[in-house]
file target.cif (mmCIF, C-alpha atoms)
data_input
loop_
_atom_site.label_atom_id
_atom_site.label_comp_id
_atom_site.auth_asym_id
_atom_site.auth_seq_id
_atom_site.Cartn_x
_atom_site.Cartn_y
_atom_site.Cartn_z
CA MET B 6 2.36 -15.82 -55.46
CA GLU B 7 3.99 -16.83 -52.23
CA ARG B 8 1.93 -16.34 -49.13
CA ILE B 9 3.93 -15.47 -46.05
CA TYR B 10 2.45 -15.98 -42.66
CA SER B 11 4.26 -15.03 -39.50
CA PRO B 12 4.47 -17.98 -37.09
CA GLU B 13 3.98 -15.55 -34.20
CA GLN B 14 0.75 -13.83 -34.89
CA ASN B 15 -0.17 -12.96 -31.33
CA THR B 16 3.02 -11.18 -30.32
CA CYS B 17 1.57 -7.79 -31.14
CA LYS B 18 -1.00 -7.23 -28.43
CA LEU B 19 -2.94 -4.03 -28.33
CA SER B 20 -2.53 -2.14 -25.13
CA LYS B 21 -5.66 -2.21 -23.04
CA ALA B 22 -6.30 -1.69 -19.34
CA CYS B 23 -7.10 -5.00 -17.68
CA PRO B 24 -10.61 -5.86 -16.37
CA GLU B 25 -9.36 -5.60 -12.77
CA THR B 26 -8.43 -1.94 -13.28
CA ILE B 27 -11.85 -1.22 -14.76
CA ALA B 28 -13.54 -3.10 -11.92
CA PHE B 29 -11.52 -1.04 -9.44
CA LEU B 30 -12.54 2.20 -11.14
CA MET B 31 -16.20 1.19 -11.08
CA SER B 32 -16.00 0.33 -7.38
CA TYR B 33 -14.16 3.58 -6.68
CA SER B 34 -16.81 5.53 -8.53
CA LYS B 35 -19.62 3.84 -6.61
CA SER B 36 -17.93 4.43 -3.26
CA LEU B 37 -16.98 8.07 -3.83
CA GLN B 38 -19.29 10.67 -2.35
CA ILE B 39 -18.55 14.34 -2.79
CA VAL B 40 -20.27 16.68 -0.38
CA GLU B 41 -20.17 20.45 -0.54
CA TYR B 42 -20.69 22.46 2.59
CA GLN B 43 -20.14 26.22 2.96
CA ASN B 44 -17.73 26.56 0.02
CA MET B 45 -15.83 23.49 1.14
CA THR B 46 -15.73 20.20 -0.70
CA PHE B 47 -15.44 16.93 1.18
CA GLU B 48 -14.56 13.66 -0.49
CA ASN B 49 -15.85 10.57 1.25
CA ASN B 50 -14.90 7.08 0.26
CA LEU B 51 -17.59 4.85 1.66
CA ASN B 52 -16.19 1.37 1.46
CA MET Y 10 -26.45 -1.85 -36.71
CA GLU Y 11 -25.32 -1.00 -33.21
CA LEU Y 12 -26.62 2.20 -31.78
CA GLN Y 13 -23.82 4.22 -30.23
CA ILE Y 14 -24.79 6.62 -27.52
CA ASP Y 15 -22.88 9.86 -27.68
CA ASP Y 16 -20.14 10.52 -25.07
CA SER Y 17 -21.84 13.71 -23.96
CA VAL Y 18 -25.07 11.82 -23.23
CA LEU Y 19 -23.16 9.19 -21.24
CA VAL Y 20 -21.35 11.87 -19.28
CA LYS Y 21 -24.66 13.53 -18.47
CA ASP Y 22 -26.13 10.16 -17.42
CA TYR Y 23 -23.13 9.45 -15.22
CA ILE Y 24 -23.37 12.85 -13.52
CA GLY Y 25 -27.04 12.02 -12.99
CA GLY Y 26 -26.04 8.88 -11.10
CA ASP Y 27 -25.95 6.19 -13.78
CA GLU Y 28 -22.78 4.21 -12.98
CA LYS Y 29 -23.23 2.02 -16.05
CA ALA Y 30 -22.61 5.06 -18.25
CA LEU Y 31 -19.09 5.34 -16.84
CA GLU Y 32 -18.38 1.69 -17.60
CA ILE Y 33 -19.43 2.22 -21.21
CA LEU Y 34 -17.22 5.31 -21.46
CA ILE Y 35 -14.20 3.52 -19.98
CA ASN Y 36 -14.62 0.47 -22.22
CA ARG Y 37 -15.21 2.61 -25.28
CA HIS Y 38 -12.01 4.59 -24.86
CA ASN Y 39 -9.94 1.97 -23.05
CA GLN Y 40 -7.79 0.94 -25.99
CA ARG Y 41 -7.28 4.45 -27.33
CA ILE Y 42 -6.18 5.91 -23.98
CA SER Y 43 -4.10 2.87 -22.96
CA SER Y 44 -2.29 2.84 -26.31
CA PHE Y 45 -1.62 6.55 -26.01
CA ILE Y 46 -0.12 6.11 -22.53
CA TYR Y 47 1.82 2.98 -23.55
CA SER Y 48 3.28 4.78 -26.57
CA LYS Y 49 4.86 7.29 -24.16
CA VAL Y 50 5.90 5.17 -21.18
CA SER Y 51 6.59 1.75 -22.83
CA ASP Y 52 5.70 -0.14 -19.68
CA ARG Y 53 2.50 -2.11 -19.19
CA ASP Y 54 2.35 -1.69 -15.40
CA VAL Y 55 2.97 2.05 -15.55
CA THR Y 56 0.35 2.27 -18.29
CA GLU Y 57 -2.19 0.58 -16.00
CA ASP Y 58 -1.29 2.95 -13.15
CA ILE Y 59 -1.58 6.08 -15.26
CA PHE Y 60 -4.81 4.82 -16.85
CA GLN Y 61 -6.25 4.26 -13.38
CA ASP Y 62 -5.11 7.67 -12.08
CA THR Y 63 -6.54 9.34 -15.18
CA PHE Y 64 -9.98 7.91 -14.59
CA ILE Y 65 -9.82 8.64 -10.86
CA LYS Y 66 -9.38 12.30 -11.83
CA VAL Y 67 -12.18 12.00 -14.38
CA ILE Y 68 -14.53 10.49 -11.79
CA LYS Y 69 -13.68 13.15 -9.19
CA THR Y 70 -14.17 16.02 -11.64
CA LEU Y 71 -17.47 14.64 -12.94
CA LYS Y 72 -18.78 14.00 -9.42
CA LYS Y 73 -17.75 17.46 -8.27
CA GLY Y 74 -19.73 18.88 -11.17
CA THR Y 75 -16.86 21.04 -12.39
CA TYR Y 76 -16.73 19.43 -15.85
CA SER Y 77 -18.16 21.58 -18.62
CA GLU Y 78 -19.49 19.52 -21.49
CA GLU Y 79 -18.34 20.84 -24.82
CA GLY Y 80 -18.52 17.58 -26.69
CA LYS Y 81 -14.86 16.94 -26.04
CA PHE Y 82 -14.80 14.13 -23.53
CA LEU Y 83 -12.02 12.09 -25.13
CA PRO Y 84 -9.63 15.04 -25.78
CA TRP Y 85 -10.18 16.09 -22.16
CA VAL Y 86 -9.35 12.61 -20.83
CA MET Y 87 -6.32 12.44 -23.13
CA ARG Y 88 -5.11 15.77 -21.74
CA ILE Y 89 -5.39 14.43 -18.17
CA ALA Y 90 -3.46 11.29 -19.21
CA HIS Y 91 -0.85 13.46 -20.92
CA ASN Y 92 -0.35 15.55 -17.77
CA LEU Y 93 -0.03 12.42 -15.65
CA ILE Y 94 2.58 11.02 -18.06
CA ILE Y 95 4.58 14.24 -17.64
CA ASP Y 96 4.24 13.93 -13.85
CA HIS Y 97 5.46 10.33 -14.08
CA PHE Y 98 8.61 11.34 -15.97
CA ARG Y 99 9.25 14.28 -13.64
CA LYS Y 100 8.97 12.01 -10.63
CA ASN Y 101 11.31 9.45 -12.19
CA LYS Y 102 13.83 12.15 -12.97
CA ARG Y 103 13.88 13.22 -9.32
CA MET Y 104 13.94 9.66 -8.06
CA PRO Y 105 15.58 7.44 -10.69
CA MET Y 106 14.44 3.87 -10.31
CA PHE Y 107 16.97 1.09 -10.24
CA GLU Y 108 15.77 -2.24 -11.45
CA GLY Y 109 17.74 -5.35 -10.61
CA SER Y 110 18.66 -7.76 -13.35
CA ASP Y 111 18.75 -11.56 -13.21
CA ASP Y 112 22.49 -11.42 -12.40
CA PHE Y 113 22.25 -8.87 -9.64
CA ASN Y 114 19.45 -8.12 -7.26
CA ILE Y 115 19.80 -5.00 -5.15
CA PHE Y 116 17.82 -6.62 -2.31
CA SER Y 117 20.52 -9.22 -1.87
CA VAL Y 118 22.81 -6.39 -0.69
CA ILE Y 119 20.34 -4.09 1.02
CA GLY Y 120 18.08 -5.98 3.35
CA ASP Y 121 15.10 -4.79 5.29
CA ASP Y 122 15.72 -5.85 8.87
CA LYS Y 123 12.24 -4.85 10.02
CA LEU Y 124 9.95 -7.63 11.13
CA ASN Y 125 6.96 -8.37 9.01
CA VAL Y 126 3.51 -7.70 10.45
CA GLU Y 127 2.96 -11.28 11.65
CA LYS Y 128 6.34 -11.48 13.39
CA GLN Y 129 5.82 -8.03 14.92
CA ILE Y 130 2.49 -9.16 16.38
CA ILE Y 131 4.13 -12.31 17.80
CA LYS Y 132 6.96 -10.22 19.27
CA ASP Y 133 4.49 -7.81 20.87
CA GLN Y 134 2.58 -10.74 22.39
CA ILE Y 135 5.79 -12.23 23.77
CA ASP Y 136 6.80 -8.87 25.24
CA THR Y 137 3.40 -8.53 26.90
CA ASP Y 138 3.54 -12.10 28.28
CA LEU Y 139 7.05 -11.46 29.60
CA ARG Y 140 5.93 -8.34 31.44
CA LEU Y 141 3.16 -10.38 33.08
CA LEU Y 142 5.68 -13.07 34.07
CA ILE Y 143 8.02 -10.48 35.56
CA GLU Y 144 5.15 -9.20 37.70
CA GLU Y 145 5.00 -12.64 39.34
CA LEU Y 146 8.60 -12.36 40.65
CA PRO Y 147 9.49 -11.31 44.21
CA GLU Y 148 9.96 -7.55 44.50
CA ASP Y 149 13.78 -7.57 44.95
CA GLN Y 150 14.36 -9.85 41.94
CA LYS Y 151 11.89 -7.95 39.80
CA GLU Y 152 13.64 -4.66 40.60
CA VAL Y 153 17.05 -5.97 39.49
CA LEU Y 154 15.70 -7.61 36.34
CA LEU Y 155 13.84 -4.47 35.23
CA MET Y 156 16.90 -2.31 35.78
CA ARG Y 157 19.16 -4.72 33.91
CA ILE Y 158 16.94 -5.62 30.95
CA TYR Y 159 14.59 -2.67 30.46
CA GLN Y 160 16.77 0.17 31.71
CA ASP Y 161 20.02 -1.35 30.43
CA MET Y 162 21.89 -0.58 33.65
CA SER Y 163 25.15 -2.28 34.60
CA PHE Y 164 25.31 -4.40 37.77
CA LYS Y 165 27.49 -1.71 39.33
CA GLU Y 166 24.79 0.89 38.71
CA ILE Y 167 22.11 -1.51 39.98
CA SER Y 168 24.05 -2.12 43.17
CA GLU Y 169 24.43 1.64 43.71
CA ASN Y 170 20.72 2.24 43.09
CA THR Y 171 19.41 -0.57 45.23
CA GLY Y 172 21.97 -0.28 48.01
CA VAL Y 173 23.13 -3.90 47.77
CA SER Y 174 26.48 -5.38 46.70
CA ILE Y 175 27.20 -6.29 43.09
CA ASN Y 176 27.22 -9.98 44.06
CA THR Y 177 23.76 -9.71 45.62
CA ALA Y 178 22.46 -7.95 42.51
CA LEU Y 179 23.97 -10.71 40.34
CA GLY Y 180 22.41 -13.36 42.56
CA ARG Y 181 18.98 -11.69 42.41
CA MET Y 182 19.21 -11.53 38.64
CA ARG Y 183 20.13 -15.22 38.51
CA TYR Y 184 17.20 -16.19 40.76
CA ALA Y 185 14.87 -13.96 38.78
CA LEU Y 186 15.75 -15.86 35.59
CA ILE Y 187 15.50 -19.26 37.33
CA ASN Y 188 12.11 -18.35 38.79
CA MET Y 189 10.82 -17.12 35.46
CA ARG Y 190 11.86 -20.39 33.83
CA LYS Y 191 10.06 -22.24 36.61
CA ILE Y 192 6.85 -20.27 36.03
CA ILE Y 193 7.14 -20.88 32.27
CA ASN Y 194 7.59 -24.63 32.77
CA LYS Y 195 4.89 -24.88 35.41
CA HIS Y 196 2.24 -23.23 33.24
CA ASN Y 197 3.49 -24.70 29.95
CA ILE Y 198 3.91 -21.23 28.47
CA VAL Y 199 5.37 -21.16 24.96
CA LEU Y 200 7.45 -18.11 24.13
CA THR Y 201 8.80 -18.34 20.61
CA ASN Y 202 9.33 -16.07 17.66
#
call {"tool": "encode", "arguments": {"input": "target.cif", "output": "structure tokens"}}
result
Amino acid sequence: MERIYSPEQNTCKLSKACPETIAFLMSYSKSLQIVEYQNMTFENNLN
Amino acid sequence: MELQIDDSVLVKDYIGGDEKALEILINRHNQRISSFIYSKVSDRDVTEDIFQDTFIKVIKTLKKGTYSEEGKFLPWVMRIAHNLIIDHFRKNKRMPMFEGSDDFNIFSVIGDDKLNVEKQIIKDQIDTDLRLLIEELPEDQKEVLLMRIYQDMSFKEISENTGVSINTALGRMRYALINMRKIINKHNIVLTN
């Protein structure tokens, strides 16, 4: 039986967020401080 | 066999301050959420943006403590992504984006005549240096130069304001420029942009 292989096997890439985006999200998470004071919420980004 | 920690446990750990738990959650659902977004928007860059915004919302909600764990972390994140995709299309409908092709680039017709930051800084420095140079001029020349250059007055107006003839005003302006050049040459000042 004939075996057919596509010459372009890597053209179908699965969509995935790049490592830079994940690194950004991790840094964002570490820097974000949420403080509640008298029914008010303050978001601080401590970079 | 790899032991998989449940999403709900990771969420609880993250709320408790374990940043690593978030990384595991993001990596675990990265492909699923990215593919979902990409299937709707068909653009890798927009997918990255929406993915990022989705997790920014997730992080904020978890840190605020308003997330109620019902064992549905992924469906909840997918719902946030879904809403952001809708926002993206709404925004694009209001402000349609025009993308230039290889044959025609819109920026070749519409230019931005603003200076870039570096050139703006240089210009500001030159303006400041010029003001200092002008201060060195004799009072009568300085007066004419300021009126002409900074107040954009005509020589007729200058002559009326200073009480001298137009020719005198012209002469003072000429000497002001000559004197400024002399000061520049004497002190080797470089004024360029």
call {"tool": "closest_atom_pairs", "arguments": {"input": "target.cif", "of": "chain B", "to": "chain Y", "cutoff": "6 Å", "atoms": "all atoms listed in the file", "output": "tab-separated table"}}
result
residue	atom	partner	partner_atom	distance
B:Ser20	CA	Y:Ser44	CA	5.1
B:Lys21	CA	Y:Gln40	CA	4.8
B:Ala22	CA	Y:Glu57	CA	5.8
call {"tool": "atom_distance", "arguments": {"input": "target.cif", "atom1": "atom CA of Leu83 of chain Y", "atom2": "atom CA of Thr46 of chain B"}}
result
26.0 Å
call {"tool": "atom_distance", "arguments": {"input": "target.cif", "atom1": "atom CA of Thr63 of chain Y", "atom2": "atom CA of Ser17 of chain Y"}}
result
18.2 Å
call {"tool": "resolve_selection", "arguments": {"input": "target.cif", "expression": "the PyMOL selection byres ((chain B and resi 25-40) around 6)", "output": "JSON, numbers by chain"}}
result
{"B": [23, 24, 41, 46, 47, 48, 49, 50, 51, 52]}
call {"tool": "atom_distance", "arguments": {"input": "target.cif", "atom1": "atom CA of Pro84 of chain Y", "atom2": "atom CA of His97 of chain Y"}}
result
19.7 Å
call {"tool": "residues_around", "arguments": {"input": "target.cif", "residues": "Gln13 of chain Y", "least_positions_apart": "3", "cutoff": "12 Å", "atoms": "all atoms listed in the file", "output": "ChimeraX atom specification"}}
result
/Y:10,16-19,33-34,37
call {"tool": "resolve_selection", "arguments": {"input": "target.cif", "expression": "the PyMOL selection byres ((chain Y and resi 165) around 10)", "output": "list in words"}}
result
Met162, Ser163, Phe164, Glu166, Ile167, Ser168, Glu169, Asn170, Val173, Ser174, Ile175, Asn176, Ala178 and Leu179 of chain Y
